[in-house]
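Shown next: data_31.txt, given as compact mmCIF, C-alpha atoms and all ligand atoms.
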```txt
# COMPACT_ATOMS: atom_id res chain seq x y z
CA MET E 286 92.97 75.10 -48.21
CA GLN E 287 94.93 72.44 -46.42
CA ASP E 288 92.03 72.24 -43.93
CA PHE E 289 89.68 71.54 -46.75
CA VAL E 290 91.92 68.76 -48.07
CA ASP E 291 92.23 67.25 -44.60
CA SER E 292 88.49 67.23 -44.05
CA ALA E 293 87.90 65.72 -47.51
CA LEU E 294 90.42 62.97 -46.69
CA ALA E 295 88.67 62.38 -43.38
CA ARG E 296 85.31 62.09 -45.12
CA ILE E 297 86.76 59.61 -47.61
CA HIS E 298 88.11 57.46 -44.81
CA ALA E 299 84.86 57.73 -42.85
CA ALA E 300 82.56 56.79 -45.77
CA THR E 301 80.60 53.67 -44.86
CA THR E 302 78.98 52.98 -48.23
CA ALA E 303 80.08 53.13 -51.87
CA ASP E 304 77.37 55.77 -52.50
CA GLU E 305 78.65 57.99 -49.75
CA LEU E 306 82.18 57.67 -51.14
CA GLU E 307 80.99 58.55 -54.61
CA SER E 308 79.29 61.73 -53.43
CA VAL E 309 82.52 62.91 -51.77
CA ARG E 310 84.38 62.20 -55.03
CA VAL E 311 81.89 64.24 -57.10
CA GLU E 312 82.07 67.11 -54.63
CA VAL E 313 85.88 67.21 -54.43
CA LEU E 314 87.37 65.59 -57.54
CA GLY E 315 84.46 65.87 -60.00
CA ARG E 316 84.39 68.14 -63.04
CA LYS E 317 82.60 70.84 -61.09
CA GLY E 318 84.26 69.92 -57.80
CA VAL E 319 86.47 71.98 -55.49
CA ILE E 320 89.78 70.94 -57.07
CA ALA E 321 88.48 71.90 -60.52
CA ASP E 322 87.43 75.29 -59.12
CA LEU E 323 90.87 75.88 -57.65
CA SER E 324 92.49 75.13 -61.02
CA LYS E 325 90.18 77.42 -62.93
CA ASP E 326 91.53 80.83 -61.90
CA MET E 327 95.21 79.84 -61.87
CA GLY E 328 95.78 81.99 -64.98
CA LYS E 329 95.06 85.15 -62.99
CA LEU E 330 97.80 84.50 -60.45
CA ALA E 331 101.33 85.82 -60.45
CA PRO E 332 103.86 83.22 -61.76
CA ALA E 333 105.37 82.42 -58.35
CA GLU E 334 101.99 82.04 -56.75
CA ARG E 335 100.76 80.04 -59.71
CA ALA E 336 103.62 77.54 -59.34
CA GLU E 337 102.92 77.13 -55.68
CA ARG E 338 99.17 76.72 -56.27
CA GLY E 339 99.85 74.16 -59.02
CA LYS E 340 102.08 72.15 -56.76
CA PHE E 341 99.54 72.24 -53.98
CA ILE E 342 96.71 71.16 -56.28
CA ASN E 343 98.73 68.25 -57.67
CA THR E 344 99.72 67.01 -54.26
CA ALA E 345 96.17 67.36 -52.92
CA LYS E 346 94.69 65.67 -55.99
CA GLN E 347 97.08 62.75 -55.73
CA ALA E 348 96.44 62.30 -52.02
CA LEU E 349 92.68 62.50 -52.48
CA GLU E 350 92.63 60.19 -55.49
CA SER E 351 94.74 57.52 -53.89
CA ALA E 352 92.68 57.68 -50.68
CA TRP E 353 89.53 57.46 -52.77
CA GLU E 354 90.83 54.51 -54.81
CA GLY E 355 91.95 52.63 -51.73
CA ARG E 356 88.60 53.08 -50.10
CA LYS E 357 86.75 52.19 -53.29
CA SER E 358 88.60 48.94 -53.79
CA GLY E 359 87.91 48.15 -50.14
CA PHE E 360 84.18 48.45 -50.80
CA GLU E 361 84.53 46.36 -53.96
CA ARG E 362 86.33 43.62 -52.09
CA VAL E 363 83.57 43.50 -49.48
CA ALA E 364 80.87 43.42 -52.17
CA LEU E 365 82.67 40.65 -54.06
CA ALA E 366 83.12 38.59 -50.91
CA ALA E 367 79.39 38.91 -50.16
CA ARG E 368 78.54 37.88 -53.73
CA LEU E 369 80.85 34.86 -53.66
CA ASP E 370 79.35 33.84 -50.37
CA ALA E 371 75.85 33.96 -51.81
CA GLU E 372 76.83 32.20 -55.04
CA TRP E 373 78.38 29.24 -53.32
CA LEU E 374 78.50 26.20 -55.58
CA ASP E 375 78.75 22.58 -54.52
CA LEU E 376 80.76 21.04 -57.32
CA THR E 377 80.27 17.55 -55.91
CA VAL E 378 76.50 17.57 -56.62
CA PRO E 379 75.85 15.33 -59.65
CA ALA E 380 74.70 17.18 -62.77
CA PRO E 381 70.91 16.90 -63.24
CA GLY E 382 71.29 15.47 -66.75
CA ARG E 383 68.44 15.06 -69.23
CA LYS E 384 65.12 14.06 -67.69
CA PRO E 385 64.34 10.55 -68.93
CA GLY E 386 61.02 10.01 -70.67
CA SER E 387 58.60 7.28 -69.60
CA LEU E 388 56.09 5.02 -71.26
CA HIS E 389 52.44 6.01 -71.24
CA PRO E 390 50.66 4.17 -68.38
CA ILE E 391 48.46 2.34 -70.89
CA THR E 392 51.56 1.11 -72.75
CA GLN E 393 53.11 -0.01 -69.46
CA ILE E 394 50.10 -2.12 -68.47
CA GLN E 395 49.76 -3.44 -72.04
CA TRP E 396 53.39 -4.60 -72.09
CA GLU E 397 53.02 -6.27 -68.69
CA ILE E 398 50.00 -8.24 -69.89
CA GLU E 399 51.73 -9.12 -73.17
CA ASP E 400 54.69 -10.54 -71.23
CA LEU E 401 52.40 -12.60 -69.04
CA PHE E 402 50.43 -14.09 -71.93
CA ARG E 403 53.55 -14.77 -73.99
CA SER E 404 54.80 -16.80 -71.02
CA LEU E 405 51.54 -18.78 -71.18
CA GLY E 406 52.03 -19.56 -74.87
CA PHE E 407 49.76 -16.89 -76.35
CA ALA E 408 50.60 -15.01 -79.56
CA VAL E 409 50.31 -11.21 -79.48
CA LEU E 410 48.36 -10.15 -82.57
CA ASP E 411 47.71 -6.79 -84.13
CA GLY E 412 44.68 -5.87 -86.24
CA PRO E 413 43.70 -2.83 -88.30
CA GLU E 414 41.92 0.10 -86.68
CA VAL E 415 39.97 0.61 -89.90
CA GLU E 416 37.92 -2.57 -90.09
CA THR E 417 35.38 -4.20 -92.34
CA GLU E 418 31.81 -4.51 -91.21
CA HIS E 419 32.28 -8.27 -91.59
CA HIS E 420 35.15 -8.52 -89.06
CA ASN E 421 33.78 -5.97 -86.60
CA PHE E 422 30.18 -7.23 -86.59
CA ASP E 423 28.90 -10.02 -88.87
CA ALA E 424 31.58 -12.63 -88.17
CA LEU E 425 31.03 -12.01 -84.46
CA ASN E 426 27.37 -12.92 -84.77
CA ILE E 427 26.20 -9.30 -84.79
CA PRO E 428 24.15 -9.05 -88.01
CA ALA E 429 23.00 -5.73 -89.44
CA ASP E 430 19.64 -5.72 -87.69
CA HIS E 431 21.02 -6.81 -84.30
CA PRO E 432 20.41 -4.46 -81.36
CA ALA E 433 24.03 -5.02 -80.18
CA ARG E 434 25.07 -2.77 -83.08
CA ASP E 435 23.32 0.15 -81.39
CA MET E 436 25.40 -0.32 -78.23
CA GLN E 437 28.55 0.13 -80.28
CA ASP E 438 27.78 3.14 -82.43
CA THR E 439 30.83 3.87 -84.52
CA PHE E 440 32.35 6.13 -87.15
CA TRP E 441 31.50 4.80 -90.59
CA LEU E 442 33.96 5.34 -93.41
CA GLU E 443 33.65 4.96 -97.15
CA GLY E 444 33.22 1.57 -98.81
CA GLY E 445 31.55 -0.16 -95.83
CA HIS E 446 34.62 0.34 -93.62
CA LEU E 447 34.44 1.62 -90.06
CA LEU E 448 36.65 2.44 -87.11
CA ARG E 449 36.64 -0.76 -85.05
CA THR E 450 34.44 -0.51 -81.95
CA HIS E 451 36.30 -3.25 -80.08
CA THR E 452 39.34 -5.51 -80.39
CA SER E 453 37.10 -8.58 -80.96
CA PRO E 454 37.57 -8.45 -84.78
CA VAL E 455 41.17 -9.54 -84.17
CA GLN E 456 39.72 -12.84 -82.86
CA VAL E 457 38.25 -13.33 -86.30
CA ARG E 458 41.52 -12.41 -88.01
CA GLY E 459 43.41 -14.77 -85.68
CA MET E 460 41.07 -17.66 -86.43
CA GLU E 461 41.23 -16.99 -90.17
CA LYS E 462 44.98 -16.72 -90.29
CA LEU E 463 46.23 -19.18 -87.68
CA GLY E 464 43.35 -21.63 -87.23
CA PRO E 465 42.97 -23.95 -84.20
CA PRO E 466 44.47 -24.64 -81.74
CA LEU E 467 44.82 -20.93 -81.04
CA ARG E 468 46.04 -18.87 -78.12
CA MET E 469 46.11 -15.16 -78.82
CA ILE E 470 45.73 -11.76 -77.32
CA ALA E 471 45.23 -8.49 -79.21
CA PRO E 472 45.75 -5.15 -77.51
CA GLY E 473 44.74 -2.01 -79.35
CA ARG E 474 42.92 1.22 -79.86
CA VAL E 475 39.16 1.22 -80.39
CA PHE E 476 36.60 3.88 -81.20
CA ARG E 477 33.01 4.65 -80.30
CA ASN E 478 30.70 7.44 -81.30
CA GLU E 479 30.32 8.65 -77.71
CA SER E 480 29.98 12.04 -76.16
CA VAL E 481 33.07 12.58 -74.07
CA ASP E 482 32.94 13.06 -70.31
CA ALA E 483 35.01 12.06 -67.27
CA SER E 484 34.39 8.35 -67.87
CA HIS E 485 33.71 8.15 -71.65
CA GLU E 486 36.09 8.71 -74.55
CA HIS E 487 35.54 8.23 -78.27
CA THR E 488 38.99 6.60 -78.36
CA PHE E 489 40.23 4.10 -75.79
CA TYR E 490 42.17 0.85 -75.41
CA GLN E 491 41.13 -2.76 -75.01
CA LEU E 492 42.89 -6.08 -74.88
CA GLU E 493 41.20 -9.07 -76.44
CA GLY E 494 42.03 -12.65 -75.62
CA MET E 495 41.04 -15.95 -77.17
CA MET E 496 41.93 -19.57 -76.65
CA ILE E 497 40.66 -22.34 -78.91
CA ASP E 498 41.43 -25.97 -78.29
CA ARG E 499 39.70 -29.24 -77.55
CA ASN E 500 37.52 -29.42 -74.41
CA VAL E 501 38.05 -25.88 -73.20
CA SER E 502 35.85 -25.25 -70.18
CA VAL E 503 34.68 -22.37 -68.01
CA GLY E 504 37.22 -23.75 -65.50
CA ASN E 505 40.04 -22.99 -67.98
CA LEU E 506 38.61 -19.53 -68.51
CA ILE E 507 38.54 -18.82 -64.78
CA TYR E 508 42.08 -20.13 -64.35
CA PHE E 509 43.48 -17.79 -67.01
CA MET E 510 41.48 -14.83 -65.77
CA LYS E 511 42.66 -15.33 -62.19
CA THR E 512 46.26 -15.64 -63.39
CA LEU E 513 45.86 -12.46 -65.41
CA LEU E 514 44.30 -10.46 -62.58
CA GLY E 515 46.75 -11.74 -59.98
CA ALA E 516 49.61 -10.53 -62.19
CA ILE E 517 48.01 -7.14 -62.75
CA PHE E 518 47.14 -6.43 -59.13
CA HIS E 519 50.10 -8.31 -57.62
CA ARG E 520 47.94 -10.38 -55.28
CA GLU E 521 45.43 -13.18 -55.35
CA VAL E 522 41.98 -11.96 -56.41
CA THR E 523 38.59 -13.53 -55.76
CA VAL E 524 36.37 -13.61 -58.83
CA ARG E 525 32.74 -14.32 -59.55
CA LEU E 526 30.90 -14.78 -62.82
CA ARG E 527 27.50 -13.33 -63.60
CA PRO E 528 25.59 -13.96 -66.81
CA GLY E 529 26.30 -11.31 -69.43
CA PHE E 530 25.14 -11.04 -73.02
CA PHE E 531 27.51 -10.70 -75.95
CA PRO E 532 26.47 -12.26 -79.26
CA PHE E 533 29.91 -13.84 -79.83
CA VAL E 534 29.98 -15.91 -76.63
CA GLU E 535 27.62 -18.50 -75.26
CA PRO E 536 27.43 -18.66 -72.29
CA GLY E 537 28.61 -15.08 -71.76
CA PHE E 538 29.72 -13.62 -68.44
CA GLU E 539 30.59 -10.49 -66.61
CA LEU E 540 33.57 -11.30 -64.43
CA ASP E 541 33.69 -9.33 -61.18
CA ILE E 542 36.54 -9.21 -58.67
CA ARG E 543 36.14 -8.83 -54.95
CA CYS E 544 36.81 -5.17 -54.25
CA LEU E 545 40.54 -4.66 -53.62
CA ILE E 546 39.95 -1.47 -51.70
CA CYS E 547 37.59 -2.73 -48.98
CA GLY E 548 38.10 -6.49 -49.33
CA GLY E 549 34.38 -6.98 -49.93
CA ASP E 550 32.87 -5.09 -46.98
CA GLY E 551 31.55 -2.28 -49.20
CA CYS E 552 33.07 1.10 -50.04
CA PRO E 553 32.52 3.96 -52.53
CA VAL E 554 34.76 2.28 -55.16
CA CYS E 555 32.57 -0.86 -55.33
CA LYS E 556 29.42 1.19 -54.67
CA GLN E 557 28.94 -0.71 -51.40
CA SER E 558 28.48 -4.03 -53.25
CA GLY E 559 31.86 -5.56 -52.37
CA TRP E 560 32.44 -6.43 -56.08
CA VAL E 561 33.89 -4.54 -59.03
CA GLU E 562 32.88 -5.41 -62.60
CA LEU E 563 36.09 -5.95 -64.51
CA LEU E 564 35.89 -7.93 -67.69
CA PRO E 565 33.37 -9.56 -69.97
CA CYS E 566 34.12 -13.05 -71.22
CA GLY E 567 32.57 -16.34 -72.20
CA LEU E 568 32.83 -19.51 -74.24
CA VAL E 569 33.10 -18.77 -77.93
CA ASN E 570 29.74 -19.03 -79.68
CA PRO E 571 29.79 -21.97 -82.17
CA LYS E 572 28.42 -19.59 -84.81
CA VAL E 573 31.56 -17.49 -84.48
CA LEU E 574 33.79 -20.54 -84.91
CA ARG E 575 31.83 -21.64 -87.94
CA ALA E 576 31.94 -18.17 -89.51
CA SER E 577 35.73 -18.43 -89.49
CA GLY E 578 35.84 -21.98 -90.84
CA ILE E 579 36.39 -23.83 -87.55
CA ASP E 580 34.34 -26.92 -86.80
CA PRO E 581 32.58 -26.46 -83.42
CA ALA E 582 32.11 -30.22 -83.13
CA GLU E 583 35.88 -30.56 -82.71
CA TRP E 584 36.99 -27.23 -81.25
CA ASN E 585 35.74 -24.82 -78.67
CA GLY E 586 37.25 -22.02 -76.64
CA PHE E 587 36.93 -18.95 -74.49
CA ALA E 588 37.32 -15.25 -75.19
CA PHE E 589 37.56 -12.15 -73.08
CA GLY E 590 37.75 -8.39 -73.53
CA LEU E 591 39.68 -6.29 -71.08
CA GLY E 592 39.30 -2.51 -70.93
CA LEU E 593 42.93 -1.39 -70.71
CA THR E 594 41.96 2.24 -70.25
CA ARG E 595 39.65 1.35 -67.41
CA LEU E 596 42.23 -0.87 -65.81
CA VAL E 597 44.81 1.93 -65.81
CA MET E 598 42.27 4.29 -64.27
CA MET E 599 41.58 1.75 -61.52
CA ARG E 600 45.22 0.97 -60.86
CA TYR E 601 46.30 4.61 -60.50
CA ALA E 602 42.96 6.01 -59.25
CA ILE E 603 42.68 8.40 -62.21
CA GLY E 604 39.41 10.25 -61.88
CA ASP E 605 39.03 11.57 -65.44
CA ILE E 606 39.61 9.52 -68.60
CA ARG E 607 40.48 12.68 -70.56
CA TRP E 608 43.81 13.01 -68.77
CA LEU E 609 45.07 9.92 -70.57
CA GLN E 610 44.99 11.54 -73.99
CA SER E 611 45.72 15.09 -72.86
CA GLY E 612 49.43 14.86 -73.72
CA ASP E 613 50.01 16.95 -70.59
CA LEU E 614 53.51 16.23 -69.29
CA ARG E 615 52.55 17.19 -65.74
CA PHE E 616 50.22 14.19 -65.86
CA LEU E 617 52.40 11.82 -67.88
CA GLY E 618 55.57 12.56 -65.90
CA GLN E 619 54.05 10.80 -62.90
CA PHE E 620 54.28 7.34 -64.46
N1 LIG T 701 34.01 -6.73 -77.39
C1 LIG T 701 33.22 -6.48 -76.21
C2 LIG T 701 33.00 -5.00 -76.01
O1 LIG T 701 33.81 -4.23 -76.43
C3 LIG T 701 33.89 -7.04 -74.99
C4 LIG T 701 33.94 -8.56 -74.94
C5 LIG T 701 32.94 -9.26 -74.30
C6 LIG T 701 34.95 -9.24 -75.55
C7 LIG T 701 32.96 -10.63 -74.22
C8 LIG T 701 35.00 -10.64 -75.48
C9 LIG T 701 33.98 -11.31 -74.80
O2 LIG T 701 35.95 -11.36 -76.04
O3 LIG T 701 34.03 -12.68 -74.73
O4 LIG T 701 32.03 -4.63 -75.41
```
Here is the file; what I need is its structure written in the form of structure tokens.
Ligand code: DAH
Amino acid sequence: MQDFVDSALARIHAATTADELESVRVEVLGRKGVIADLSKDMGKLAPAERAERGKFINTAKQALESAWEGRKSGFERVALAARLDAEWLDLTVPAPGRKPGSLHPITQIQWEIEDLFRSLGFAVLDGPEVETEHHNFDALNIPADHPARDMQDTFWLEGGHLLRTHTSPVQVRGMEKLGPPLRMIAPGRVFRNESVDASHEHTFYQLEGMMIDRNVSVGNLIYFMKTLLGAIFHREVTVRLRPGFFPFVEPGFELDIRCLICGGDGCPVCKQSGWVELLPCGLVNPKVLRASGIDPAEWNGFAFGLGLTRLVMMRYAIGDIRWLQSGDLRFLGQF
């Protein structure tokens, strides 16, 4: 019996894993183990023998249990040390904190342009998105039968109201409310009845500008446009004007900038032309001044319409307009 105890002790000491140790425990000290077996038939022994057997069992049990416990806590210490090693923490690393939000890229560019024009003495005006037919069309020299109305198909509402197709009606509101001389811009959301694809949205953003004073010339227009574009692109830009038709300006222009990607040599962005069409503008049509009670014999001015959505897409090389209104934080988090 002593041999058995000795070999069990040896096995306990020799165990190399916690599992191995556990199987020795079950075999020797478990409910159906050898020690339990030895205790079972004690009742059949003579009293003297029984006392001796009892003593032996107690001594053996104690020796085995303490060997087992010592070994077990050894394994536990090793396991804990390994775990602590793996879970090493650097308490000097700053806490990540809450991730700050950011402004939508359209808002960012809008605010930049607002700051610039405020510094040039322009008021920043706001107009309603639900407009009257008068402000959106008629007062801008686009009467009901004018083909320009077809180019700006919109969503008609009850009572002759509509979702504004451009920010130009805020020109009319500015002239009505403030009168000449007038320097204003009006950023905002506009709507068109368009089928949506990578470059068309039914909802997008423009920024309108208007200056009315005495003796305003195309030279003044070019000066302000170059100042605007230089501030947006952070460098001097070369511009050219081509004739463009908009009923509310006369003459009307399409203003192009020399391609900022290739410098004018030709590349895919400027479709090999060296120029990128950027904003329509012109000298305010006298009919528009008159419709808002301003005498064109005394006052004149320029106006321009900037596609904010398009500008953002150009600045950040965004290939699909739909991203801008997706609300997807993976997209928005980049700005
Ligand atoms: N409102 C025009 C549009 O959305 C853009 C425009 C063209 C605005 C010429 C202007 C302008 O102020 O002078 O297509």
Show me as a PDB file with C-alpha atoms, keeping the file's coordinate frame the residues that reach within 10 Å of (47.6, -10.4, -83.9), counting only C-alpha atoms and using the file's own coordinates.
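Produced file out30.pdb, reproduced below:
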```pdb
ATOM      1  CA  ALA E 408      50.600 -15.010 -79.560  1.00  0.00           C
ATOM      2  CA  VAL E 409      50.310 -11.210 -79.480  1.00  0.00           C
ATOM      3  CA  LEU E 410      48.360 -10.150 -82.570  1.00  0.00           C
ATOM      4  CA  ASP E 411      47.710  -6.790 -84.130  1.00  0.00           C
ATOM      5  CA  GLY E 412      44.680  -5.870 -86.240  1.00  0.00           C
ATOM      6  CA  PRO E 413      43.700  -2.830 -88.300  1.00  0.00           C
ATOM      7  CA  VAL E 455      41.170  -9.540 -84.170  1.00  0.00           C
ATOM      8  CA  GLN E 456      39.720 -12.840 -82.860  1.00  0.00           C
ATOM      9  CA  ARG E 458      41.520 -12.410 -88.010  1.00  0.00           C
ATOM     10  CA  GLY E 459      43.410 -14.770 -85.680  1.00  0.00           C
ATOM     11  CA  LYS E 462      44.980 -16.720 -90.290  1.00  0.00           C
ATOM     12  CA  LEU E 463      46.230 -19.180 -87.680  1.00  0.00           C
ATOM     13  CA  MET E 469      46.110 -15.160 -78.820  1.00  0.00           C
ATOM     14  CA  ILE E 470      45.730 -11.760 -77.320  1.00  0.00           C
ATOM     15  CA  ALA E 471      45.230  -8.490 -79.210  1.00  0.00           C
ATOM     16  CA  PRO E 472      45.750  -5.150 -77.510  1.00  0.00           C
ATOM     17  CA  GLY E 473      44.740  -2.010 -79.350  1.00  0.00           C
ATOM     18  CA  GLU E 493      41.200  -9.070 -76.440  1.00  0.00           C
TER      19      GLU E 493
END
```
Write out as CSV the residues of chain E that have any atom within 10 Å of an atom of ligand LIG 701 (chain T), one row each with the nearest atom pair and its distance in Å to one decimal, counting all atoms listed in the file, sorted by chain and then rising number.
```
residue,atom,partner,partner_atom,distance
E:Asn421,CA,T:LIG701,N1,9.2
E:Phe422,CA,T:LIG701,N1,10.0
E:Leu425,CA,T:LIG701,N1,9.3
E:Ala433,CA,T:LIG701,O4,9.3
E:Met436,CA,T:LIG701,O4,8.4
E:Gln437,CA,T:LIG701,O4,7.6
E:Arg449,CA,T:LIG701,O1,9.7
E:Thr450,CA,T:LIG701,O1,6.7
E:His451,CA,T:LIG701,O1,4.5
E:Thr452,CA,T:LIG701,N1,6.2
E:Ser453,CA,T:LIG701,N1,5.1
E:Pro454,CA,T:LIG701,N1,8.4
E:Val455,CA,T:LIG701,O2,9.8
E:Gln456,CA,T:LIG701,O2,7.9
E:Ile470,CA,T:LIG701,O2,9.9
E:Val475,CA,T:LIG701,O1,8.6
E:Phe476,CA,T:LIG701,O1,9.8
E:Arg477,CA,T:LIG701,O1,9.7
E:Tyr490,CA,T:LIG701,O1,9.8
E:Gln491,CA,T:LIG701,O1,7.6
E:Leu492,CA,T:LIG701,C6,8.6
E:Glu493,CA,T:LIG701,O2,5.7
E:Gly494,CA,T:LIG701,O2,6.2
E:Met495,CA,T:LIG701,O2,6.9
E:Gly529,CA,T:LIG701,C7,8.2
E:Phe530,CA,T:LIG701,C7,7.9
E:Phe531,CA,T:LIG701,C7,5.7
E:Pro532,CA,T:LIG701,C7,8.4
E:Phe533,CA,T:LIG701,O3,6.7
E:Val534,CA,T:LIG701,O3,5.5
E:Glu535,CA,T:LIG701,O3,8.7
E:Pro536,CA,T:LIG701,O3,9.2
E:Gly537,CA,T:LIG701,O3,6.6
E:Phe538,CA,T:LIG701,C7,7.3
E:Glu539,CA,T:LIG701,C7,8.0
E:Leu540,CA,T:LIG701,C7,9.8
E:Leu564,CA,T:LIG701,C5,7.4
E:Pro565,CA,T:LIG701,C5,4.4
E:Cys566,CA,T:LIG701,O3,3.5
E:Gly567,CA,T:LIG701,O3,4.7
E:Leu568,CA,T:LIG701,O3,7.0
E:Val569,CA,T:LIG701,O3,6.9
E:Asn570,CA,T:LIG701,O3,9.1
E:Phe587,CA,T:LIG701,O3,6.9
E:Ala588,CA,T:LIG701,O3,4.2
E:Phe589,CA,T:LIG701,O2,3.5
E:Gly590,CA,T:LIG701,C6,3.6
E:Leu591,CA,T:LIG701,C3,7.0
E:Gly592,CA,T:LIG701,O1,8.0
```
Next on the checklist: Under the rule that only C-alpha atoms are counted, which of E:Gln393, E:Ser351, E:Gln619, E:Ser404 is the nearest residue to Val597 (chain E)?
Outcome noted: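 Using only C-alpha atoms, the shortest distance to Val597 (chain E) belongs to E:Gln393.
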Checklist entry - Which residues, written as a ChimeraX atom specification, have at least one atom at most 12 Å from region 344-347 of chain E, with only C-alpha atoms counted and residues fewer than 2 positions away on the same chain left out? => result /E:286-294,310,313-315,318-321,323-324,337-342,349-354
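Pairwise distance (CA of Ile497 (chain E), CA of Leu405 (chain E)) equals 13.8 Å.
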Item to check | Nearest candidate to Pro528 (chain E) (options E:Asp605, E:Asp541, E:Glu486, E:Asp438; using only C-alpha atoms) | outcome: E:Asp541
Checklist entry - So how many Å separate CA of Lys511 (chain E) and CA of Leu563 (chain E), to one decimal? => result 11.7 Å
Item to check | CA of Arg316 (chain E) to CA of Phe360 (chain E), straight-line distance in Å | outcome: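 Computed distance, CA of Phe360 (chain E) to CA of Arg316 (chain E), equals 23.2 Å.
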Checklist entry - Which protein, DNA or RNA residues have an atom at most 10 Å from (39.1, 13.4, -72.6), counting all atoms listed in the file? List them as a ChimeraX atom specification. => result /E:480-489,605-611
Checklist entry - Which residues, written as number ranges by chain, have at least one atom at most 12 Å from Arg356 (chain E), with only C-alpha atoms counted and residues fewer than 4 positions away on the same chain left out? => result E: 294-307, 309-310, 349-352, 360-363
Item to check | Among the residues E:Arg403, E:His419, E:His446, E:Arg520, the one that comes closest to Arg468 (chain E) [using all atoms listed in the file] | outcome: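 Selected residue with least distance to Arg468 (chain E): E:Arg403.
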Next on the checklist: Residues near Leu545 (chain E), anyone? I mean within 12 Å using only C-alpha atoms, not counting same-chain ones fewer than 3 positions away, as a PyMOL selection string.
Outcome noted: chain E and resi 514-515+518-524+541-542+548-555+559-563+599-600
Checklist entry - Contacts of Ile579 (chain E) at 8 Å or less, counting all atoms listed in the file, minus same-chain residues fewer than 4 places along, as JSON, numbers by chain? => result {"E": [460, 464, 465, 574, 575, 584]}
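Remark: for Met496 (chain E), the closest of the candidate residues E:Gly618, E:His420, E:Asn585, E:Tyr601 is E:Asn585 (distances computed over all atoms listed in the file).
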Can you give me N, CA, C and O atoms for region 313-324 of chain E, written as a short mmCIF file (atom, residue, chain, number, x, y, z; two decimals), keeping the file's coordinate frame?
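Everything below was put into part_12.cif:
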```
data_model
loop_
_atom_site.label_atom_id
_atom_site.label_comp_id
_atom_site.auth_asym_id
_atom_site.auth_seq_id
_atom_site.Cartn_x
_atom_site.Cartn_y
_atom_site.Cartn_z
N VAL E 313 84.49 66.76 -54.53
CA VAL E 313 85.88 67.21 -54.43
C VAL E 313 86.64 67.06 -55.76
O VAL E 313 87.25 68.01 -56.25
N LEU E 314 86.55 65.88 -56.36
CA LEU E 314 87.37 65.59 -57.54
C LEU E 314 86.61 65.68 -58.85
O LEU E 314 87.19 65.56 -59.94
N GLY E 315 85.29 65.87 -58.79
CA GLY E 315 84.46 65.87 -60.00
C GLY E 315 84.77 67.08 -60.89
O GLY E 315 85.54 67.97 -60.51
N ARG E 316 84.10 67.08 -62.07
CA ARG E 316 84.39 68.14 -63.04
C ARG E 316 84.02 69.52 -62.51
O ARG E 316 84.62 70.53 -62.86
N LYS E 317 82.98 69.55 -61.67
CA LYS E 317 82.60 70.84 -61.09
C LYS E 317 82.98 70.89 -59.62
O LYS E 317 82.42 71.68 -58.86
N GLY E 318 83.90 70.03 -59.22
CA GLY E 318 84.26 69.92 -57.80
C GLY E 318 85.25 71.00 -57.35
O GLY E 318 85.68 71.85 -58.15
N VAL E 319 85.62 70.94 -56.09
CA VAL E 319 86.47 71.98 -55.49
C VAL E 319 87.84 72.06 -56.16
O VAL E 319 88.34 73.16 -56.47
N ILE E 320 88.46 70.94 -56.43
CA ILE E 320 89.78 70.94 -57.07
C ILE E 320 89.72 71.61 -58.45
O ILE E 320 90.58 72.42 -58.81
N ALA E 321 88.64 71.29 -59.20
CA ALA E 321 88.48 71.90 -60.52
C ALA E 321 88.36 73.42 -60.38
O ALA E 321 88.93 74.18 -61.16
N ASP E 322 87.61 73.84 -59.37
CA ASP E 322 87.43 75.29 -59.12
C ASP E 322 88.77 75.97 -58.86
O ASP E 322 89.05 77.04 -59.40
N LEU E 323 89.57 75.30 -58.01
CA LEU E 323 90.87 75.88 -57.65
C LEU E 323 91.77 76.03 -58.88
O LEU E 323 92.58 76.95 -58.96
N SER E 324 91.63 75.08 -59.84
CA SER E 324 92.49 75.13 -61.02
C SER E 324 92.07 76.23 -61.98
O SER E 324 92.89 76.73 -62.75
#
```
